[in-house]
>>> print(open('upload-v7.cif').read())   # mmCIF, C-alpha atoms and all ligand atoms
data_coords
#
loop_
_atom_site.label_atom_id
_atom_site.label_comp_id
_atom_site.auth_asym_id
_atom_site.auth_seq_id
_atom_site.Cartn_x
_atom_site.Cartn_y
_atom_site.Cartn_z
CA MET A 1 -29.36 -21.34 32.73
CA LYS A 2 -27.03 -18.56 33.71
CA PRO A 3 -23.68 -18.42 31.92
CA GLN A 4 -20.74 -19.90 33.87
CA LYS A 5 -18.02 -17.40 34.70
CA LYS A 6 -14.31 -18.03 34.30
CA PRO A 7 -12.27 -17.52 37.51
CA ALA A 8 -11.21 -13.88 37.70
CA THR A 9 -7.56 -12.93 37.28
CA TRP A 10 -7.81 -9.37 38.62
CA PRO A 11 -7.73 -10.37 42.31
CA ASN A 12 -4.32 -11.94 41.73
CA ASP A 13 -3.23 -8.82 39.86
CA ILE A 14 -4.06 -6.84 43.01
CA TYR A 15 -2.17 -9.31 45.17
CA GLU A 16 0.93 -8.98 42.99
CA VAL A 17 0.81 -5.20 43.15
CA LEU A 18 0.40 -5.27 46.94
CA LYS A 19 3.57 -7.38 47.11
CA GLN A 20 5.38 -5.13 44.68
CA VAL A 21 4.67 -1.97 46.69
CA GLY A 22 5.60 -3.58 50.00
CA ILE A 23 2.24 -3.90 51.75
CA LYS A 24 2.72 -5.51 55.16
CA GLN A 25 -0.63 -5.07 56.92
CA VAL A 26 -3.87 -6.11 55.24
CA ALA A 27 -7.02 -5.07 57.08
CA TYR A 28 -10.43 -6.23 55.95
CA VAL A 29 -14.08 -6.73 56.64
CA PRO A 30 -14.96 -9.42 54.13
CA ASP A 31 -16.76 -8.70 50.91
CA ALA A 32 -17.51 -11.51 48.48
CA GLY A 33 -15.65 -9.53 45.80
CA HIS A 34 -12.44 -9.70 47.84
CA THR A 35 -12.60 -13.41 48.72
CA GLN A 36 -9.82 -14.52 46.41
CA LEU A 37 -7.51 -11.67 47.40
CA ILE A 38 -8.09 -12.28 51.12
CA ASN A 39 -7.18 -15.94 50.59
CA SER A 40 -3.97 -15.00 48.77
CA CYS A 41 -2.98 -12.59 51.53
CA ASN A 42 -3.77 -15.14 54.23
CA ALA A 43 -1.45 -17.61 52.52
CA ASP A 44 1.39 -15.05 52.48
CA ARG A 45 3.77 -15.32 55.45
CA GLU A 46 5.11 -11.81 54.90
CA MET A 47 1.71 -10.16 55.26
CA LYS A 48 -0.10 -9.60 58.50
CA VAL A 49 -3.80 -10.02 57.76
CA ILE A 50 -6.16 -8.43 60.25
CA SER A 51 -9.84 -9.25 60.34
CA LEU A 52 -11.72 -6.19 61.67
CA THR A 53 -15.07 -5.92 63.43
CA THR A 54 -15.81 -2.66 61.59
CA GLU A 55 -14.03 -0.75 58.84
CA GLU A 56 -13.23 2.28 60.99
CA GLU A 57 -10.85 0.07 62.94
CA GLY A 58 -8.84 -0.32 59.76
CA VAL A 59 -8.51 3.42 59.27
CA ALA A 60 -7.05 3.81 62.77
CA MET A 61 -4.89 0.71 62.49
CA LEU A 62 -3.31 1.69 59.20
CA ALA A 63 -2.49 5.13 60.62
CA GLY A 64 -0.68 3.27 63.41
CA ALA A 65 1.07 1.07 60.85
CA TRP A 66 2.36 4.13 59.01
CA LEU A 67 3.50 5.71 62.27
CA GLY A 68 5.55 2.57 62.76
CA GLY A 69 6.96 2.61 59.22
CA GLN A 70 4.78 -0.02 57.54
CA ARG A 71 2.50 0.20 54.54
CA GLY A 72 -0.97 -1.28 54.69
CA VAL A 73 -4.13 -1.66 52.69
CA MET A 74 -7.80 -1.94 53.61
CA LEU A 75 -10.18 -4.18 51.70
CA LEU A 76 -13.84 -3.28 52.11
CA GLN A 77 -17.14 -3.04 50.31
CA SER A 78 -18.96 0.21 49.65
CA SER A 79 -21.20 -0.15 52.74
CA GLY A 80 -18.07 -0.14 54.86
CA VAL A 81 -17.11 3.30 53.62
CA GLY A 82 -19.99 4.64 55.69
CA ASN A 83 -18.39 3.16 58.79
CA CYS A 84 -15.14 5.07 58.28
CA ILE A 85 -16.15 8.69 57.95
CA ASN A 86 -15.19 10.32 61.25
CA LEU A 87 -11.89 8.49 61.53
CA LEU A 88 -10.91 9.65 58.06
CA SER A 89 -10.48 13.05 59.71
CA ILE A 90 -7.28 11.66 61.23
CA MET A 91 -5.86 10.97 57.77
CA ASN A 92 -6.55 14.51 56.69
CA GLU A 93 -5.41 16.36 59.77
CA CYS A 94 -2.19 14.33 59.98
CA ARG A 95 -1.65 13.68 56.28
CA PHE A 96 -1.52 9.92 56.63
CA PRO A 97 -1.52 7.77 53.51
CA LEU A 98 -4.36 5.26 53.29
CA LEU A 99 -5.00 2.77 50.52
CA MET A 100 -8.61 1.60 50.41
CA LEU A 101 -9.70 -0.94 47.81
CA VAL A 102 -13.47 -0.70 47.73
CA THR A 103 -15.52 -3.35 45.96
CA MET A 104 -18.68 -1.61 44.83
CA ARG A 105 -22.22 -2.74 45.43
CA GLY A 106 -25.46 -1.00 44.65
CA GLU A 107 -24.51 0.24 41.22
CA TRP A 108 -24.41 -2.35 38.39
CA GLY A 109 -27.17 -4.96 38.22
CA GLU A 110 -27.59 -4.87 41.99
CA PHE A 111 -30.39 -7.09 43.29
CA ASN A 112 -30.40 -5.93 46.92
CA PRO A 113 -32.07 -2.55 47.40
CA TRP A 114 -30.39 -2.08 50.81
CA GLN A 115 -27.03 -1.71 49.05
CA LEU A 116 -28.11 1.33 47.08
CA ALA A 117 -27.69 3.98 49.75
CA MET A 118 -23.98 3.45 50.33
CA GLY A 119 -23.31 2.24 46.80
CA GLN A 120 -24.51 5.52 45.37
CA GLY A 121 -23.27 7.51 48.36
CA THR A 122 -19.73 6.17 48.41
CA PRO A 123 -18.01 8.54 45.95
CA PRO A 124 -19.44 11.79 47.39
CA ALA A 125 -19.06 10.60 50.99
CA LEU A 126 -15.38 9.84 50.42
CA GLN A 127 -14.86 13.11 48.59
CA HIS A 128 -16.47 15.07 51.42
CA ALA A 129 -14.18 13.25 53.84
CA GLY A 130 -11.18 14.46 51.86
CA VAL A 131 -10.26 11.17 50.22
CA VAL A 132 -8.95 11.06 46.66
CA VAL A 133 -11.42 8.86 44.78
CA GLN A 134 -10.39 6.78 41.79
CA ARG A 135 -12.33 4.19 39.94
CA VAL A 136 -11.66 1.19 37.74
CA ASP A 137 -14.36 -0.23 35.47
CA ARG A 138 -12.45 -2.85 33.47
CA ALA A 139 -10.84 -6.00 34.85
CA GLU A 140 -7.75 -5.71 32.67
CA GLU A 141 -7.05 -2.24 34.07
CA VAL A 142 -7.19 -3.22 37.74
CA ARG A 143 -3.45 -3.85 38.02
CA GLU A 144 -2.37 -0.42 36.80
CA HIS A 145 -5.04 1.34 38.82
CA VAL A 146 -4.00 -0.33 42.06
CA PHE A 147 -0.37 0.44 41.34
CA ALA A 148 -1.14 4.08 40.56
CA ALA A 149 -3.34 4.47 43.66
CA ALA A 150 -0.57 3.01 45.82
CA GLN A 151 2.00 5.40 44.35
CA LEU A 152 -0.29 8.35 44.92
CA THR A 153 -1.13 7.58 48.52
CA PHE A 154 2.30 6.55 49.77
CA ASN A 155 4.24 9.23 47.90
CA THR A 156 1.95 12.15 48.67
CA SER A 157 0.59 11.08 52.07
CA ARG A 158 -3.02 11.52 51.04
CA PRO A 159 -5.80 8.97 51.56
CA VAL A 160 -6.87 7.27 48.33
CA ALA A 161 -9.85 5.02 47.67
CA LEU A 162 -9.92 2.93 44.52
CA LEU A 163 -13.49 1.93 43.72
CA ILE A 164 -13.65 -1.41 41.92
CA SER A 165 -16.77 -1.36 39.81
CA GLN A 166 -19.52 -3.86 40.46
CA ARG A 167 -19.32 -4.50 36.73
CA ILE A 168 -15.89 -6.10 37.27
CA ILE A 169 -16.97 -8.13 40.27
CA GLY A 170 -20.14 -9.38 38.66
CA PHE A 171 -23.54 -9.52 40.25
CA LYS A 172 -26.02 -12.08 41.40
CA ASP A 173 -28.42 -12.65 38.54
CA TRP A 174 -31.77 -12.09 40.18
CA SER A 175 -33.80 -12.38 36.96
CA LYS A 176 -36.38 -15.11 36.74
CA MET B 177 -26.15 -2.52 88.88
CA ALA B 178 -22.70 -3.09 90.37
CA THR B 179 -21.95 -1.38 93.67
CA LYS B 180 -19.39 1.38 93.42
CA THR B 181 -16.60 2.42 95.71
CA LYS B 182 -15.41 5.95 95.29
CA ALA B 183 -12.24 6.12 93.23
CA THR B 184 -9.28 7.76 94.93
CA LEU B 185 -6.46 7.64 92.38
CA ASP B 186 -5.55 10.90 90.67
CA ARG B 187 -5.32 10.71 86.88
CA ARG B 188 -2.20 12.85 86.48
CA ALA B 189 -0.36 11.06 89.30
CA VAL B 190 -1.27 7.73 87.69
CA ILE B 191 -0.02 8.76 84.26
CA ASN B 192 3.18 10.19 85.72
CA LYS B 193 3.86 6.94 87.53
CA ILE B 194 3.40 4.96 84.35
CA LEU B 195 5.35 7.25 82.01
CA GLU B 196 8.27 7.70 84.41
CA LYS B 197 9.30 4.20 83.33
CA ARG B 198 8.67 4.63 79.62
CA GLY B 199 12.19 3.95 78.34
CA ASP B 200 11.89 3.63 74.56
CA ALA B 201 8.16 2.83 74.59
CA LEU B 202 5.87 4.37 71.98
CA VAL B 203 2.74 6.10 73.27
CA VAL B 204 -0.64 6.77 71.64
CA THR B 205 -3.23 8.83 73.52
CA GLY B 206 -6.97 9.03 73.10
CA LEU B 207 -8.62 12.42 72.74
CA GLY B 208 -9.54 14.66 75.66
CA SER B 209 -8.10 14.47 79.14
CA SER B 210 -5.76 11.55 78.40
CA CYS B 211 -4.14 13.57 75.66
CA TYR B 212 -3.64 16.55 77.98
CA ASP B 213 -2.39 14.38 80.85
CA VAL B 214 0.21 12.63 78.72
CA GLY B 215 1.35 16.01 77.44
CA ALA B 216 1.55 17.31 81.02
CA ALA B 217 3.69 14.34 82.04
CA GLY B 218 6.32 15.59 79.57
CA ASP B 219 6.12 16.04 75.83
CA HIS B 220 7.99 13.39 73.84
CA ALA B 221 8.53 12.91 70.11
CA ASN B 222 7.27 9.35 70.45
CA ASN B 223 3.93 10.46 71.82
CA PHE B 224 1.15 10.44 69.28
CA TYR B 225 -1.62 12.69 70.55
CA LEU B 226 -5.08 12.10 69.12
CA TRP B 227 -7.08 15.30 69.46
CA GLY B 228 -10.00 13.76 67.61
CA GLY B 229 -10.90 10.43 66.03
CA MET B 230 -12.79 9.25 69.08
CA GLY B 231 -12.63 5.46 69.24
CA ALA B 232 -9.37 5.19 67.27
CA ALA B 233 -6.71 4.95 69.96
CA ALA B 234 -6.60 1.20 70.64
CA MET B 235 -6.53 0.28 66.95
CA MET B 236 -3.87 2.85 66.22
CA GLY B 237 -1.87 1.15 68.94
CA LEU B 238 -2.38 -2.23 67.26
CA GLY B 239 -1.13 -1.03 63.86
CA LEU B 240 1.91 0.50 65.52
CA ALA B 241 2.60 -2.56 67.67
CA LEU B 242 2.45 -4.85 64.62
CA ALA B 243 4.77 -2.54 62.68
CA GLN B 244 7.25 -2.26 65.58
CA PRO B 245 7.28 -5.66 67.25
CA THR B 246 10.45 -4.93 69.24
CA ARG B 247 9.08 -1.77 70.86
CA GLN B 248 6.51 -1.65 73.64
CA VAL B 249 3.40 0.32 72.64
CA LEU B 250 1.20 1.99 75.26
CA VAL B 251 -2.25 3.31 74.48
CA ILE B 252 -3.47 5.73 77.14
CA THR B 253 -7.09 6.68 76.73
CA GLY B 254 -10.39 7.46 78.45
CA ASP B 255 -13.32 5.19 79.26
CA GLY B 256 -15.60 7.09 76.86
CA GLU B 257 -13.05 6.82 74.06
CA MET B 258 -12.58 3.10 74.66
CA LEU B 259 -16.32 2.47 74.75
CA MET B 260 -16.65 4.02 71.29
CA GLY B 261 -14.33 1.40 69.81
CA LEU B 262 -15.10 -1.75 71.79
CA GLY B 263 -14.76 -3.96 68.72
CA ALA B 264 -11.06 -3.18 68.88
CA LEU B 265 -10.80 -5.35 71.98
CA ALA B 266 -11.92 -8.36 69.93
CA THR B 267 -9.60 -7.49 67.05
CA ILE B 268 -6.61 -7.00 69.34
CA GLY B 269 -7.44 -10.03 71.43
CA THR B 270 -7.50 -12.26 68.36
CA GLN B 271 -4.34 -10.73 66.86
CA GLY B 272 -2.50 -11.24 70.13
CA PRO B 273 0.32 -8.70 69.80
CA ARG B 274 2.98 -9.30 72.45
CA ASN B 275 3.96 -5.66 72.82
CA LEU B 276 0.71 -3.72 73.28
CA SER B 277 -0.75 -2.38 76.53
CA ILE B 278 -4.09 -0.59 76.62
CA ILE B 279 -4.48 1.69 79.61
CA VAL B 280 -7.91 3.18 80.23
CA ILE B 281 -8.01 6.12 82.61
CA ASP B 282 -11.48 5.34 83.86
CA ASN B 283 -13.21 8.23 85.63
CA GLU B 284 -16.59 6.76 84.67
CA LEU B 285 -17.32 10.07 82.99
CA TYR B 286 -17.21 11.90 79.73
CA SER B 287 -15.36 14.66 81.55
CA GLU B 288 -14.47 16.67 78.45
CA THR B 289 -18.07 17.23 77.49
CA GLY B 290 -19.70 18.07 80.82
CA MET B 291 -19.16 15.15 83.20
CA GLN B 292 -21.89 12.86 81.93
CA PRO B 293 -21.59 9.29 83.28
CA THR B 294 -20.33 6.60 80.91
CA HIS B 295 -21.44 2.98 80.93
CA THR B 296 -18.57 2.11 83.27
CA ALA B 297 -20.46 4.15 85.90
CA ARG B 298 -23.39 1.84 85.24
CA GLY B 299 -21.41 -1.29 85.91
CA VAL B 300 -19.88 -2.15 82.54
CA ASP B 301 -16.59 -3.89 83.25
CA LEU B 302 -14.03 -3.09 80.57
CA ALA B 303 -11.32 -5.34 81.99
CA ALA B 304 -13.72 -8.29 81.92
CA MET B 305 -14.57 -7.46 78.32
CA ALA B 306 -10.87 -7.44 77.43
CA LYS B 307 -10.44 -10.78 79.15
CA ALA B 308 -13.41 -12.21 77.29
CA ALA B 309 -11.81 -10.89 74.09
CA GLN B 310 -8.76 -13.06 74.87
CA PHE B 311 -6.36 -10.49 76.26
CA PRO B 312 -3.97 -12.71 78.22
CA ARG B 313 -3.55 -10.01 80.88
CA SER B 314 -6.24 -7.69 82.15
CA ALA B 315 -7.19 -6.00 85.42
CA THR B 316 -9.10 -3.20 87.05
CA ILE B 317 -6.80 -1.09 89.20
CA THR B 318 -8.14 0.89 92.13
CA THR B 319 -5.16 1.33 94.47
CA ASP B 320 -1.62 2.68 94.40
CA ALA B 321 -0.24 -0.70 95.39
CA GLN B 322 -1.94 -2.40 92.45
CA LEU B 323 -0.71 0.29 90.12
CA LYS B 324 2.83 -0.11 91.39
CA SER B 325 2.83 -3.83 90.70
CA TRP B 326 1.25 -3.35 87.28
CA VAL B 327 3.60 -0.67 85.92
CA PRO B 328 6.44 -3.08 85.05
CA GLN B 329 3.92 -5.45 83.49
CA LEU B 330 2.72 -2.72 81.14
CA TYR B 331 6.25 -2.60 79.70
CA ALA B 332 6.69 -6.36 79.50
CA PRO B 333 6.20 -7.76 75.99
CA ALA B 334 4.30 -10.69 77.39
CA GLY B 335 1.05 -10.50 75.44
CA ALA B 336 -1.61 -7.85 75.08
CA ALA B 337 -2.37 -6.17 78.41
CA PHE B 338 -5.47 -4.22 79.37
CA VAL B 339 -5.92 -2.15 82.51
CA ALA B 340 -8.83 0.03 83.54
CA ILE B 341 -7.51 2.39 86.18
CA LYS B 342 -10.29 3.86 88.28
CA VAL B 343 -9.55 7.54 88.92
CA ASN B 344 -11.45 10.33 90.63
CA ALA B 345 -13.32 13.04 88.77
CA ALA B 346 -10.59 15.69 88.97
CA ARG B 347 -10.12 17.77 85.81
CA TYR B 348 -6.97 19.63 84.97
CA PRO B 349 -6.22 22.49 82.65
CA MET B 350 -4.96 21.62 79.20
CA ALA B 351 -1.19 21.61 79.53
CA ILE B 352 -0.29 20.88 75.94
CA ARG B 353 -0.72 23.19 73.00
CA LEU B 354 0.83 20.99 70.31
CA ARG B 355 -2.11 19.94 68.18
CA ASP B 356 -1.07 20.13 64.53
CA GLY B 357 -1.66 16.55 63.42
CA ALA B 358 0.79 16.51 60.52
CA HIS B 359 3.52 17.83 62.80
CA ILE B 360 2.76 15.30 65.53
CA LYS B 361 2.88 12.48 62.98
CA ASN B 362 6.03 13.63 61.18
CA ARG B 363 7.87 14.24 64.45
CA PHE B 364 6.90 10.79 65.72
CA ARG B 365 8.05 9.08 62.52
CA GLU B 366 11.31 10.99 62.34
CA ALA B 367 12.16 10.11 65.94
CA LEU B 368 11.36 6.45 65.30
CA LEU B 369 12.53 5.93 61.72
CA GLY B 370 15.12 8.65 61.11
CA ASN B 371 15.54 9.77 57.50
CA ALA B 372 13.46 6.85 56.28
CA ALA B 373 10.46 8.77 57.62
CA PHE B 374 10.68 11.07 54.61
CA ASP B 375 11.82 8.57 52.03
C1 LIG C 401 -17.38 11.04 67.47
C2 LIG C 401 -17.37 11.98 68.61
N1 LIG C 401 -18.43 12.04 69.44
C3 LIG C 401 -18.39 12.88 70.48
C4 LIG C 401 -17.31 13.67 70.73
C5 LIG C 401 -17.28 14.62 71.89
N2 LIG C 401 -16.32 14.19 72.90
C6 LIG C 401 -15.10 14.73 72.99
S1 LIG C 401 -14.22 14.14 74.28
C7 LIG C 401 -15.51 13.16 74.75
C8 LIG C 401 -15.49 12.37 76.01
C9 LIG C 401 -14.33 11.54 76.21
O1 LIG C 401 -14.56 10.80 77.36
P1 LIG C 401 -13.41 9.97 77.99
O2 LIG C 401 -12.71 9.22 76.92
O3 LIG C 401 -13.93 9.19 79.12
O4 LIG C 401 -12.39 11.09 78.44
P2 LIG C 401 -12.23 11.88 79.82
O5 LIG C 401 -13.33 11.48 80.75
O6 LIG C 401 -10.91 11.44 80.31
O7 LIG C 401 -12.25 13.31 79.45
C10 LIG C 401 -16.60 13.29 73.89
C11 LIG C 401 -17.87 12.57 74.03
C12 LIG C 401 -16.22 13.58 69.82
N3 LIG C 401 -15.11 14.31 69.96
N4 LIG C 401 -16.28 12.73 68.78
MG MG C 402 -13.75 9.40 81.12
#
>>> encode(input="upload-v7.cif", output="structure tokens", more="lines below")
Ligand SMILES: Cc1ncc(C[n+]2csc(CCOP(=O)(O)OP(=O)(O)O)c2C)c(N)n1
Ligand SMILES: [Mg+2]
Amino acid sequence: MKPQKKPATWPNDIYEVLKQVGIKQVAYVPDAGHTQLINSCNADREMKVISLTTEEEGVAMLAGAWLGGQRGVMLLQSSGVGNCINLLSIMNECRFPLLMLVTMRGEWGEFNPWQLAMGQGTPPALQHAGVVVQRVDRAEEVREHVFAAAQLTFNTSRPVALLISQRIIGFKDWSK
Amino acid sequence: MATKTKATLDRRAVINKILEKRGDALVVTGLGSSCYDVGAAGDHANNFYLWGGMGAAAMMGLGLALAQPTRQVLVITGDGEMLMGLGALATIGTQGPRNLSIIVIDNELYSETGMQPTHTARGVDLAAMAKAAQFPRSATITTDAQLKSWVPQLYAPAGAAFVAIKVNAARYPMAIRLRDGAHIKNRFREALLGNAAFD
């Protein structure tokens, strides 16, 4: 038998930080790692939660949000980073802030080989696109990392991606 | 394939007729000819000109419309640009912003890159796609009379509107030189938000 996991507390830590820093638009393409956070945001009357067809929509939408004076966040998995690349040029050319919370796949105990390409490619792809890349590997540090990433992006108008390690999220145990 | 009638409307005349009535509306353009046309109609601090980011215009309009629910937001873009971000129609249709109008200047061409036909030349009906994506208001406009009756509707906060305006293949020289993205963004925010833009 596989060990039972306790419910995670870090998704609620993220939710509390998003409230604290005044996030009003939450854009996402679902990832299992973000389920709990998406539910919390959906239950919040002060947040507009926008389900996207593809992650690049979120890049454009959050630029529009900032134009209109609102802060937003995008929740995505590492594969979705690949869908964003060209539109990230807008963030750079215009110096828009962008807070991306990326749940990582394809790196820690991954069972699905198709996740490897973007899992391994996410940090350099983001860096090449001019995004500040930060990473959190421990659940108890998620809160301060999200807060710090939010401060960095909204105070300096630079796009920031916080990669949330697959080690935090946990992985499907594929062993026999 | 759908039968085609030759489009007669002129893109710059169309955009002038729409923007004449802009009031305090906020405008986002797609890249290419739409960007130049909106600039030619008269530069404005509350124009956001995309010079790149093909496929971004409609979603940028959505983010802005959600952030500024009391202001009308117009997205003015090309058929090629809209086709690159078709998923946005579904996202906007399901969000249902009251104050967003998407205006596609549809010459059925990628005119910027050498006049190659787009899928609208092959019968793809963007207005029908918007309708199927639950835009409460959508139409294809081919005549001056239709345009005239639609202009006030584009400024009415009565639910997401989508119009594909069929225009002829005329190309015009670039009339706008303002292209520094950070400047365009900061100017837009300052005009809209005042000092809070730099808080
Ligand atoms: C991702 C990407 N692919 C291709 C291009 C090249 N490109 C620039 S403008 C354009 C055509 C735009 O067509 P449309 O939106 O219909 O504009 P118009 O016909 O009004 O010029 C293309 C393909 C680009 N800028 N970005
Ligand atoms: Mg065109």
>>> closest_residue(input="upload-v7.cif", among="B:Leu195, B:Leu285, B:Ala308, B:Ala189", to="ligand MG 402 (chain C)", atoms="all atoms listed in the file")
B:Leu285
>>> interface_residues(input="upload-v7.cif", of="chain A", to="chain B", cutoff="12 Å", atoms="all atoms listed in the file", output="PyMOL selection string")
chain A and resi 23-29+47-73+83-97+154-158
>>> residues_near_point(input="upload-v7.cif", point="(-3.4, 21.6, 86.9)", cutoff="10 Å", atoms="only C-alpha atoms", output="JSON, numbers by chain")
{"B": [188, 213, 216, 346, 347, 348, 349, 350, 351]}
>>> atom_distance(input="upload-v7.cif", atom1="atom CA of A:Val136", atom2="atom CA of A:Ser78")
14.0 Å
>>> closest_residue(input="upload-v7.cif", among="B:Ala306, B:Val300, B:Met258, B:Ala201", to="B:Ile281", atoms="only C-alpha atoms")
B:Met258
>>> residues_around(input="upload-v7.cif", residues="A:Gln166", least_positions_apart="5", cutoff="7 Å", atoms="all atoms listed in the file", output="number ranges by chain")
A: 103-105, 107-108, 171
>>> write_last_selection(input="upload-v7.cif", atoms="C-alpha atoms", output="short mmCIF file (atom, residue, chain, number, x, y, z; two decimals), keeping the file's coordinate frame")
data_model
loop_
_atom_site.label_atom_id
_atom_site.label_comp_id
_atom_site.auth_asym_id
_atom_site.auth_seq_id
_atom_site.Cartn_x
_atom_site.Cartn_y
_atom_site.Cartn_z
CA THR A 103 -15.52 -3.35 45.96
CA MET A 104 -18.68 -1.61 44.83
CA ARG A 105 -22.22 -2.74 45.43
CA GLU A 107 -24.51 0.24 41.22
CA TRP A 108 -24.41 -2.35 38.39
CA PHE A 171 -23.54 -9.52 40.25
#
>>> residues_near_ligand(input="upload-v7.cif", ligand="ligand LIG 401 (chain C)", cutoff="7 Å", atoms="only C-alpha atoms and all ligand atoms", output="list in words")
Asn86 of chain A; Gly206, Leu207, Gly208, Ser209, Ser210, Gly228, Gly229, Met230, Thr253, Gly254, Asp255, Gly256, Glu257, Met258, Ile281, Asp282, Asn283, Glu284, Leu285, Tyr286, Ser287, Glu288 and Thr289 of chain B
>>> closest_residue(input="upload-v7.cif", among="B:Val251, B:Leu330, B:Gln322, B:Ala340", to="ligand MG 402 (chain C)", atoms="only C-alpha atoms and all ligand atoms")
B:Ala340
>>> residues_around(input="upload-v7.cif", residues="stretch 3-17 of chain A", least_positions_apart="4", cutoff="8 Å", atoms="all atoms listed in the file", output="JSON list (two decimals) with C-alpha atoms, in the coordinates of the input")
[["chain", "number", "residue", "atom", "x", "y", "z"],
["A", 21, "VAL", "CA", 4.67, -1.97, 46.69],
["A", 34, "HIS", "CA", -12.44, -9.70, 47.84],
["A", 36, "GLN", "CA", -9.82, -14.52, 46.41],
["A", 37, "LEU", "CA", -7.51, -11.67, 47.40],
["A", 40, "SER", "CA", -3.97, -15.00, 48.77],
["A", 41, "CYS", "CA", -2.98, -12.59, 51.53],
["A", 139, "ALA", "CA", -10.84, -6.00, 34.85],
["A", 140, "GLU", "CA", -7.75, -5.71, 32.67],
["A", 142, "VAL", "CA", -7.19, -3.22, 37.74],
["A", 143, "ARG", "CA", -3.45, -3.85, 38.02],
["A", 146, "VAL", "CA", -4.00, -0.33, 42.06],
["A", 147, "PHE", "CA", -0.37, 0.44, 41.34]]
>>> residues_around(input="upload-v7.cif", residues="A:His145", least_positions_apart="4", cutoff="9 Å", atoms="all atoms listed in the file", output="count of residues only")
7
>>> closest_residue(input="upload-v7.cif", among="B:Ser277, B:Thr294, B:Thr205, B:Gln248", to="ligand MG 402 (chain C)", atoms="all atoms listed in the file")
B:Thr294
>>> atom_distance(input="upload-v7.cif", atom1="atom CA of B:Leu323", atom2="atom CA of B:Ile194")
8.5 Å
>>> axis_aligned_box(input="upload-v7.cif", around="stretch 105-122 of chain A", padding_each_side="4 Å", output="AutoDock Vina command-line options")
--center_x -25.9 --center_y 0.2 --center_z 44.5 --size_x 20.3 --size_y 22.6 --size_z 20.6
>>> atom_distance(input="upload-v7.cif", atom1="atom CA of A:Ala32", atom2="atom CA of A:Gln151")
26.1 Å
>>> closest_residue(input="upload-v7.cif", among="B:Val203, B:Met305, B:Val339, B:Ala345", to="ligand MG 402 (chain C)", atoms="only C-alpha atoms and all ligand atoms")
B:Ala345
>>> closest_residue(input="upload-v7.cif", among="B:Ala334, B:Cys211, B:Met291, B:Ala303", to="ligand MG 402 (chain C)", atoms="all atoms listed in the file")
B:Met291
